[in-house]
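Data file: protein.txt. Format and content: compact mmCIF, C-alpha atoms and all ligand atoms.
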# COMPACT_ATOMS: atom_id res chain seq x y z
CA MET A 1 -2.60 9.77 19.72
CA ALA A 2 -4.86 8.19 17.15
CA GLU A 3 -6.85 10.59 15.00
CA LEU A 4 -9.58 9.79 12.54
CA HIS A 5 -10.99 11.98 9.83
CA SER A 6 -13.83 10.82 7.66
CA LEU A 7 -15.67 13.55 5.84
CA SER A 8 -19.33 13.84 5.23
CA ARG A 9 -19.91 13.83 1.50
CA ARG A 10 -21.00 17.46 1.47
CA SER A 11 -18.09 18.81 3.52
CA PHE A 12 -15.70 16.55 1.66
CA LEU A 13 -16.70 18.01 -1.68
CA ARG A 14 -16.73 21.59 -0.41
CA GLN A 15 -13.40 21.42 1.36
CA THR A 16 -11.59 19.52 -1.32
CA PHE A 17 -12.64 21.90 -4.05
CA ALA A 18 -11.57 24.79 -1.84
CA PHE A 19 -8.22 23.28 -1.06
CA SER A 20 -6.62 22.32 -4.30
CA ALA A 21 -6.72 23.22 -7.93
CA LEU A 22 -4.45 20.27 -8.65
CA ALA A 23 -6.55 17.70 -6.99
CA ALA A 24 -10.22 18.15 -6.43
CA ILE A 25 -12.63 15.32 -5.83
CA HIS A 26 -14.82 13.48 -8.26
CA PRO A 27 -18.02 15.20 -9.26
CA SER A 28 -20.81 14.38 -6.89
CA SER A 29 -22.43 11.99 -9.36
CA LEU A 30 -19.48 9.67 -8.95
CA PHE A 31 -19.64 9.56 -5.22
CA ALA A 32 -22.29 7.78 -3.26
CA GLN A 33 -22.68 6.88 0.38
CA SER A 34 -24.02 3.56 1.52
CA ALA A 35 -25.78 3.47 4.82
CA SER A 36 -25.06 -0.19 5.35
CA PHE A 37 -21.91 -1.80 6.69
CA ALA A 38 -20.92 -4.35 4.06
CA LYS A 39 -19.38 -7.43 5.62
CA PRO A 40 -16.67 -9.25 3.68
CA ASP A 41 -18.13 -11.70 1.16
CA SER A 42 -16.82 -15.21 1.69
CA GLY A 43 -17.32 -15.92 -2.02
CA ALA A 44 -14.87 -13.18 -3.06
CA ALA A 45 -11.05 -13.18 -3.09
CA HIS A 46 -9.30 -11.56 -0.13
CA MET A 47 -5.87 -10.21 0.73
CA PHE A 48 -4.44 -8.17 3.60
CA MET A 49 -2.01 -5.30 3.07
CA ILE A 50 0.44 -3.82 5.56
CA GLY A 51 3.08 -1.16 5.11
CA ASP A 52 5.94 0.11 7.24
CA TRP A 53 5.69 -2.92 9.48
CA GLY A 54 9.27 -4.18 9.93
CA THR A 55 10.06 -1.84 12.79
CA ASP A 56 13.09 -2.22 15.02
CA LYS A 57 11.62 -0.01 17.76
CA TYR A 58 7.84 -0.46 17.91
CA LEU A 59 7.35 -4.22 18.15
CA ASP A 60 4.30 -3.83 20.39
CA GLN A 61 2.57 -1.87 17.62
CA GLN A 62 3.51 -4.43 14.96
CA LYS A 63 2.15 -7.18 17.20
CA ALA A 64 -1.06 -5.23 17.87
CA VAL A 65 -1.73 -4.98 14.13
CA ALA A 66 -1.02 -8.69 13.61
CA VAL A 67 -3.43 -9.54 16.44
CA SER A 68 -6.02 -7.22 14.91
CA MET A 69 -5.68 -8.98 11.54
CA ALA A 70 -6.37 -12.34 13.18
CA LYS A 71 -9.30 -10.96 15.20
CA TRP A 72 -10.79 -9.28 12.11
CA MET A 73 -10.69 -12.60 10.28
CA GLU A 74 -12.36 -14.39 13.15
CA ASN A 75 -15.04 -11.71 13.52
CA ASN A 76 -15.85 -11.75 9.82
CA GLN A 77 -15.17 -15.38 8.97
CA SER A 78 -12.95 -14.01 6.22
CA HIS A 79 -9.67 -15.62 5.24
CA PRO A 80 -7.05 -13.93 3.05
CA GLY A 81 -5.44 -15.87 0.24
CA ALA A 82 -2.43 -13.54 0.11
CA MET A 83 -0.69 -10.63 1.79
CA PHE A 84 0.94 -7.51 0.40
CA LEU A 85 3.97 -6.02 2.16
CA LEU A 86 4.06 -2.38 1.10
CA GLY A 87 7.68 -1.56 1.87
CA ASP A 88 9.84 -0.47 4.78
CA ASN A 89 9.82 -4.17 5.40
CA TRP A 90 13.01 -3.93 7.40
CA TYR A 91 13.99 -0.94 9.48
CA GLY A 92 17.43 -1.09 11.07
CA ARG A 93 19.83 -4.00 10.93
CA LEU A 94 19.64 -7.63 9.93
CA PRO A 95 23.10 -8.73 11.05
CA GLY A 96 22.34 -12.40 10.40
CA GLY A 97 21.43 -11.73 6.79
CA VAL A 98 18.87 -14.14 5.36
CA ASN A 99 19.21 -16.19 8.57
CA ASP A 100 18.66 -13.29 10.97
CA PRO A 101 16.15 -14.18 13.72
CA ARG A 102 14.05 -11.16 12.75
CA TRP A 103 12.79 -13.06 9.70
CA ASN A 104 11.09 -15.57 12.02
CA ASP A 105 10.21 -13.18 14.84
CA GLN A 106 8.75 -10.39 12.74
CA PHE A 107 7.52 -12.14 9.62
CA GLU A 108 7.12 -15.93 9.66
CA ASN A 109 5.79 -16.16 13.21
CA MET A 110 4.21 -12.70 13.36
CA TYR A 111 1.90 -13.62 10.45
CA PRO A 112 1.77 -17.41 10.79
CA THR A 113 1.00 -19.55 7.77
CA ASN A 114 -1.96 -21.23 9.39
CA LEU A 115 -3.69 -17.85 9.68
CA PHE A 116 -2.19 -16.09 6.66
CA PRO A 117 -1.60 -18.67 3.94
CA GLY A 118 -0.62 -17.87 0.38
CA PRO A 119 2.08 -15.61 -1.03
CA ALA A 120 3.25 -12.45 0.75
CA TYR A 121 4.08 -10.12 -2.12
CA ALA A 122 6.67 -7.47 -1.19
CA VAL A 123 7.75 -4.13 -2.61
CA LEU A 124 10.78 -2.15 -1.48
CA GLY A 125 10.71 0.96 0.73
CA ASN A 126 13.30 3.57 1.57
CA HIS A 127 14.29 1.83 4.80
CA ASP A 128 14.87 -1.34 2.82
CA TYR A 129 17.55 0.66 1.02
CA GLU A 130 19.26 1.73 4.24
CA HIS A 131 22.87 0.73 4.17
CA HIS A 132 24.04 -0.83 7.42
CA ALA A 133 27.57 -2.06 7.87
CA GLY A 134 27.81 -3.48 4.41
CA PHE A 135 24.48 -5.29 4.54
CA ASP A 136 22.50 -4.85 1.37
CA LYS A 137 18.93 -5.30 2.64
CA VAL A 138 17.50 -5.16 -0.87
CA GLN A 139 19.60 -8.13 -1.97
CA LEU A 140 18.75 -9.96 1.29
CA GLN A 141 15.05 -9.64 0.52
CA LEU A 142 15.59 -10.91 -3.01
CA ASP A 143 17.72 -13.80 -1.70
CA TYR A 144 15.57 -14.84 1.28
CA PRO A 145 12.94 -16.80 -0.69
CA LYS A 146 15.68 -18.57 -2.66
CA GLN A 147 17.17 -19.92 0.57
CA HIS A 148 14.10 -20.57 2.70
CA LYS A 149 10.73 -22.24 2.32
CA THR A 150 8.58 -19.17 2.75
CA ARG A 151 5.62 -17.17 1.52
CA TRP A 152 7.90 -14.14 1.02
CA THR A 153 7.55 -13.24 -2.66
CA LEU A 154 9.92 -10.73 -4.26
CA PRO A 155 11.04 -12.09 -7.63
CA ASP A 156 12.62 -8.77 -8.63
CA LYS A 157 12.63 -5.08 -7.69
CA ARG A 158 9.74 -4.72 -10.14
CA TYR A 159 7.35 -7.43 -11.22
CA THR A 160 3.79 -8.05 -12.23
CA PHE A 161 1.26 -10.79 -11.61
CA THR A 162 -2.44 -11.42 -11.84
CA TRP A 163 -4.46 -12.41 -8.80
CA PRO A 164 -6.03 -14.64 -7.72
CA GLU A 165 -4.18 -17.36 -9.58
CA LYS A 166 -7.44 -18.99 -10.67
CA ASN A 167 -9.88 -16.67 -12.44
CA PRO A 168 -7.73 -13.56 -11.89
CA LEU A 169 -9.44 -10.26 -11.11
CA ILE A 170 -6.60 -7.79 -10.59
CA THR A 171 -3.36 -7.18 -12.48
CA PHE A 172 -0.82 -5.97 -9.94
CA ILE A 173 2.11 -3.94 -11.27
CA CYS A 174 4.71 -3.73 -8.50
CA LEU A 175 7.28 -0.95 -8.78
CA ASP A 176 10.42 0.15 -6.99
CA SER A 177 9.61 3.75 -6.09
CA ASN A 178 13.04 4.50 -4.61
CA LEU A 179 13.99 6.80 -7.45
CA PRO A 180 16.96 9.16 -7.16
CA GLY A 181 15.81 12.16 -5.15
CA THR A 182 12.89 10.44 -3.42
CA LYS A 183 14.63 10.11 -0.06
CA SER A 184 13.43 12.32 2.72
CA TRP A 185 16.40 11.72 4.97
CA ASP A 186 20.16 11.76 4.56
CA PHE A 187 22.02 8.60 3.82
CA SER A 188 25.68 7.96 3.93
CA PRO A 189 28.07 7.93 0.98
CA GLY A 190 28.36 4.42 -0.34
CA SER A 191 24.68 3.88 0.21
CA TYR A 192 22.58 3.47 -2.86
CA LEU A 193 19.30 4.08 -4.54
CA MET A 194 18.24 3.23 -8.02
CA SER A 195 20.39 4.88 -10.64
CA HIS A 196 18.87 7.31 -13.13
CA ALA A 197 19.35 4.63 -15.79
CA ASP A 198 17.46 2.07 -13.65
CA ALA A 199 14.66 4.56 -13.10
CA ASP A 200 14.34 5.24 -16.83
CA ALA A 201 14.38 1.52 -17.61
CA GLN A 202 11.66 0.94 -15.03
CA ASP A 203 9.51 3.71 -16.53
CA ALA A 204 9.79 2.04 -19.94
CA TRP A 205 8.86 -1.32 -18.40
CA PHE A 206 5.96 0.23 -16.50
CA ALA A 207 4.54 1.82 -19.67
CA GLU A 208 4.98 -1.46 -21.54
CA GLN A 209 2.96 -3.33 -18.88
CA LEU A 210 0.18 -0.76 -19.08
CA ARG A 211 0.04 -0.93 -22.88
CA LYS A 212 -0.65 -4.67 -22.81
CA PRO A 213 -4.29 -5.58 -23.35
CA ARG A 214 -6.06 -5.95 -20.02
CA THR A 215 -6.81 -9.52 -18.99
CA THR A 216 -8.44 -8.64 -15.66
CA PRO A 217 -11.29 -6.31 -14.70
CA PHE A 218 -8.98 -4.19 -12.49
CA VAL A 219 -5.39 -2.91 -12.56
CA ALA A 220 -3.50 -1.82 -9.44
CA VAL A 221 -0.06 -0.27 -9.14
CA VAL A 222 1.67 -1.08 -5.86
CA CYS A 223 4.86 0.48 -4.52
CA HIS A 224 6.11 2.19 -1.35
CA HIS A 225 5.97 5.94 -2.06
CA PRO A 226 2.63 7.74 -2.48
CA LEU A 227 2.20 10.19 -5.33
CA TYR A 228 -0.29 12.14 -3.23
CA THR A 229 -0.47 12.03 0.53
CA ASN A 230 -1.73 14.12 3.41
CA GLY A 231 1.06 12.66 5.51
CA VAL A 232 4.39 14.02 6.56
CA HIS A 233 6.17 13.05 3.35
CA ARG A 234 3.93 15.28 1.18
CA ASP A 235 3.02 14.91 -2.50
CA ASN A 236 5.95 13.42 -4.37
CA ARG A 237 7.38 15.88 -6.88
CA ILE A 238 9.74 13.28 -8.37
CA LEU A 239 7.15 10.60 -9.00
CA ILE A 240 4.09 12.66 -9.96
CA PRO A 241 5.39 13.94 -13.32
CA ARG A 242 6.75 10.51 -14.23
CA TRP A 243 3.86 8.27 -13.24
CA ASP A 244 0.66 10.27 -12.87
CA PRO A 245 0.23 10.74 -16.67
CA LEU A 246 0.51 6.96 -17.09
CA LEU A 247 -2.10 6.30 -14.39
CA ARG A 248 -4.49 8.70 -16.10
CA GLN A 249 -3.80 7.53 -19.66
CA HIS A 250 -4.28 3.86 -18.84
CA LYS A 251 -7.06 4.39 -16.31
CA VAL A 252 -5.30 2.51 -13.53
CA ASP A 253 -7.89 1.69 -10.87
CA PHE A 254 -5.74 1.78 -7.73
CA TYR A 255 -2.36 3.17 -6.66
CA ILE A 256 -1.54 1.54 -3.32
CA THR A 257 1.43 2.44 -1.11
CA GLY A 258 2.80 2.77 2.40
CA HIS A 259 5.50 5.26 3.53
CA ASP A 260 3.35 7.59 5.62
CA HIS A 261 2.50 5.84 8.86
CA ASP A 262 -1.23 6.16 8.66
CA LEU A 263 -4.23 4.96 6.65
CA GLN A 264 -5.55 7.16 3.83
CA HIS A 265 -7.92 7.14 0.86
CA LEU A 266 -7.69 10.05 -1.60
CA GLU A 267 -9.80 10.76 -4.68
CA PHE A 268 -9.27 13.59 -7.17
CA ASP A 269 -11.63 15.23 -9.57
CA GLY A 270 -11.59 13.53 -12.94
CA HIS A 271 -8.77 11.19 -11.98
CA PRO A 272 -9.47 7.53 -12.74
CA THR A 273 -7.18 6.27 -9.96
CA SER A 274 -8.01 5.79 -6.28
CA PHE A 275 -5.00 6.53 -4.07
CA VAL A 276 -4.65 4.34 -0.98
CA VAL A 277 -1.98 4.67 1.71
CA SER A 278 -1.59 1.80 4.15
CA GLY A 279 1.48 2.52 6.25
CA GLY A 280 0.13 1.55 9.66
CA GLY A 281 1.80 -1.85 10.01
CA GLY A 282 3.78 -0.99 13.12
CA ALA A 283 6.15 1.98 12.87
CA GLU A 284 5.64 5.19 14.84
CA LEU A 285 2.74 7.45 13.92
CA VAL A 286 3.58 10.74 12.22
CA ASN A 287 1.82 14.03 11.66
CA TRP A 288 -0.27 15.35 8.78
CA SER A 289 1.12 17.84 6.28
CA VAL A 290 -2.37 18.47 4.85
CA PRO A 291 -5.30 18.29 7.28
CA PRO A 292 -7.18 15.19 6.11
CA GLU A 293 -10.48 16.99 6.59
CA LYS A 294 -9.39 19.16 3.64
CA ARG A 295 -8.47 16.35 1.25
CA GLY A 296 -9.97 12.92 1.48
CA PRO A 297 -12.28 11.14 1.79
CA PHE A 298 -10.36 9.53 4.63
CA GLY A 299 -7.29 9.88 6.79
CA GLY A 300 -6.58 8.02 10.00
CA LYS A 301 -3.48 8.69 12.09
CA VAL A 302 -3.58 5.14 13.39
CA ILE A 303 -1.81 1.81 13.14
CA GLY A 304 -3.73 -0.83 11.22
CA PHE A 305 -4.00 -2.71 7.95
CA THR A 306 -6.00 -2.79 4.73
CA HIS A 307 -8.30 -5.57 3.61
CA LEU A 308 -8.73 -5.91 -0.16
CA GLU A 309 -11.76 -7.88 -1.36
CA ALA A 310 -12.08 -8.58 -5.09
CA ALA A 311 -15.00 -9.86 -7.14
CA LYS A 312 -15.71 -9.73 -10.85
CA ASP A 313 -17.64 -6.47 -10.77
CA ALA A 314 -16.09 -4.64 -7.81
CA VAL A 315 -13.15 -4.26 -5.47
CA ILE A 316 -13.73 -3.26 -1.85
CA LEU A 317 -10.92 -1.76 0.22
CA ARG A 318 -11.28 -1.53 3.98
CA HIS A 319 -8.96 0.25 6.40
CA VAL A 320 -9.03 -1.58 9.74
CA GLY A 321 -7.57 -0.29 13.01
CA ALA A 322 -5.58 -2.03 15.70
CA ASP A 323 -8.65 -3.27 17.53
CA ALA A 324 -10.16 -4.97 14.45
CA ASN A 325 -12.62 -2.14 13.84
CA GLN A 326 -13.37 -0.95 10.33
CA LEU A 327 -12.41 2.72 10.04
CA HIS A 328 -13.22 3.36 6.38
CA ALA A 329 -14.29 1.32 3.36
CA PHE A 330 -15.12 1.94 -0.27
CA ARG A 331 -16.26 -0.05 -3.26
CA LYS A 332 -15.03 0.65 -6.78
CA THR A 333 -16.76 -0.91 -9.75
CA THR A 334 -15.36 -1.53 -13.23
CA ASP A 335 -16.96 1.70 -14.50
CA GLY A 336 -14.93 3.69 -11.95
CA LYS A 337 -17.86 4.47 -9.69
CA ILE A 338 -16.98 4.75 -6.02
CA THR A 339 -19.27 4.12 -3.09
CA ILE A 340 -18.20 4.87 0.45
CA LEU A 341 -19.37 2.02 2.63
CA ASN A 342 -19.00 3.62 6.05
CA SER A 343 -22.16 3.44 8.01
FE FE A 401 9.03 4.76 3.92

Starting from the file, lay out its structure as structure tokens.
Amino acid sequence: MAELHSLSRRSFLRQTFAFSALAAIHPSSLFAQSASFAKPDSGAAHMFMIGDWGTDKYLDQQKAVAVSMAKWMENNQSHPGAMFLLGDNWYGRLPGGVNDPRWNDQFENMYPTNLFPGPAYAVLGNHDYEHHAGFDKVQLQLDYPKQHKTRWTLPDKRYTFTWPEKNPLITFICLDSNLPGTKSWDFSPGSYLMSHADADAQDAWFAEQLRKPRTTPFVAVVCHHPLYTNGVHRDNRILIPRWDPLLRQHKVDFYITGHDHDLQHLEFDGHPTSFVVSGGGGAELVNWSVPPEKRGPFGGKVIGFTHLEAAKDAVILRHVGADANQLHAFRKTTDGKITILNS
């Protein structure tokens, strides 16, 4: 059953302060409500984001989100120049490897090029690390674009790029968040995650990327596992001590993930980073661990996707449900100010 929670500004502030000493919301001066519904600006750059979409059991839900993406575009005359695949790209088996029919059925034809042109940037989720009968689904995802003409873009387990290609506005730092200890379910011996050495090397690389002089107005970190989430997987005690200090120190604008099968937007008092969860791409809905009315500003137990709109002075993120309706939206400007755009 779909559930939506969007707090009034007053109750949001009151409840969030009451809930958590770790993570209270921005002071009220940073948070404004807009009464108007802001339509996507055709002059800006656009991309769609989906997480937890490559289901092997809930194809109807994956299809419903894909249909919603197309309908949203038609309704708003808004066309994305790229997609982001936020991990758990492939649940279950791909017995045909890079030639398995699921690549066409659930990616190429599910999000057809004529509607969704441009690169589809991927990051790796825990289900991508599932080990099935000797098939290494991580390596398959790295190999697929080398063997097929495709928009699938995964040059490495971690990578960075600026977007859009011309006049870039956002530096995306894409990480592999499958650190040792991050799994929430058992996996068989012989399966694998990153090694501790890989995780340390990635942390050094991550810090090095953040130390580079900024060349874009905004910086976003994208991976599969949330640091903070109201969803079933809970705040991540492995990742928070490693990465949260870096987000704060370098004033990262956005930390965008999937993993919990819902749509969330979390803000914390004094924290420069907006935390966005977009895990509604198709897999089964799961329960809250923290009532979203206590920590927000938004949580929706729904399937859906996220529309990112970027311009020189602001980024707008919209969570959109399976029937092409906007559930929540906010604008963040280069000075860190956030405006909720829900009407
Ligand atoms: Fe996941």

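For the choices A:Met49, A:Asp335, A:Asp203, A:Arg158, the atom-to-atom distance to Ser278 (chain A) is smallest for A:Met49 when using only C-alpha atoms.
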
Practice task
Output the neighbourhood of ligand FE 401 (chain A) as a PyMOL selection string, that is, all protein and nucleic acid residues with some atom at most 6 Å from the ligand, counting only C-alpha atoms and all ligand atoms.
Solution key: chain A and resi 88+125-126+259

Exercise for the section: Could you give me, as a ChimeraX atom specification, the residues that have an atom at most 9 Å away from the point (1.9, -2.6, -11.2) in the coordinates of the file, using all atoms listed in the file? Expected result: /A:158-161,171-175,206,209-210,219-223,255

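Each of A:Leu317, A:Val98, A:Ala329, A:Ala322 was compared to Trp72 (chain A) using all atoms listed in the file, and A:Ala322 turns out to be the nearest.
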
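Taking CA of Trp288 (chain A) and CA of Met47 (chain A) as the two end points, the separation is 27.4 Å.
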
Handout entry: Residues within 7 Å of (-13.3, -0.9, -9.6), counting all atoms listed in the file, listed as a PyMOL selection string
Key = chain A and resi 218+253+314-315+332-336

Fill in the blank from the handout: One decimal place gives the CA of His233 (chain A)-CA of Asp198 (chain A) separation as 23.2 Å

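When only C-alpha atoms are used to measure the gap to Ala199 (chain A), the shortest distance among A:Gln139, A:Ser177, A:Thr339, A:Thr55 belongs to A:Ser177.
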
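Of the listed residues (A:Asp176, A:Asp41, A:Asp269, A:Asp262), A:Asp262 comes nearest to Pro292 (chain A); the distances count only C-alpha atoms.
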
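CA of Leu227 (chain A) to CA of Leu247 (chain A) spans 10.8 Å [interatomic distance, one decimal].
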
Practice task
Please provide the set of residues having any atom within 7 Å of His224 (chain A), restricted to all atoms listed in the file, with same-chain residues fewer than 2 positions apart removed, written as an NGL selection string.
Solution key: :A and (86-87 or 123-125 or 177 or 226 or 257-259)

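Distances from A:Ala207, A:Asp156, A:Tyr228, A:Leu193 to Tyr144 (chain A) were compared using all atoms listed in the file, and the smallest one belongs to A:Asp156.
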
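Nearest-residue note for Glu165 (chain A): choosing from A:Asn104, A:Thr216, A:Ser42, A:Gln147, the minimum distance belongs to A:Thr216, counting all atoms listed in the file.
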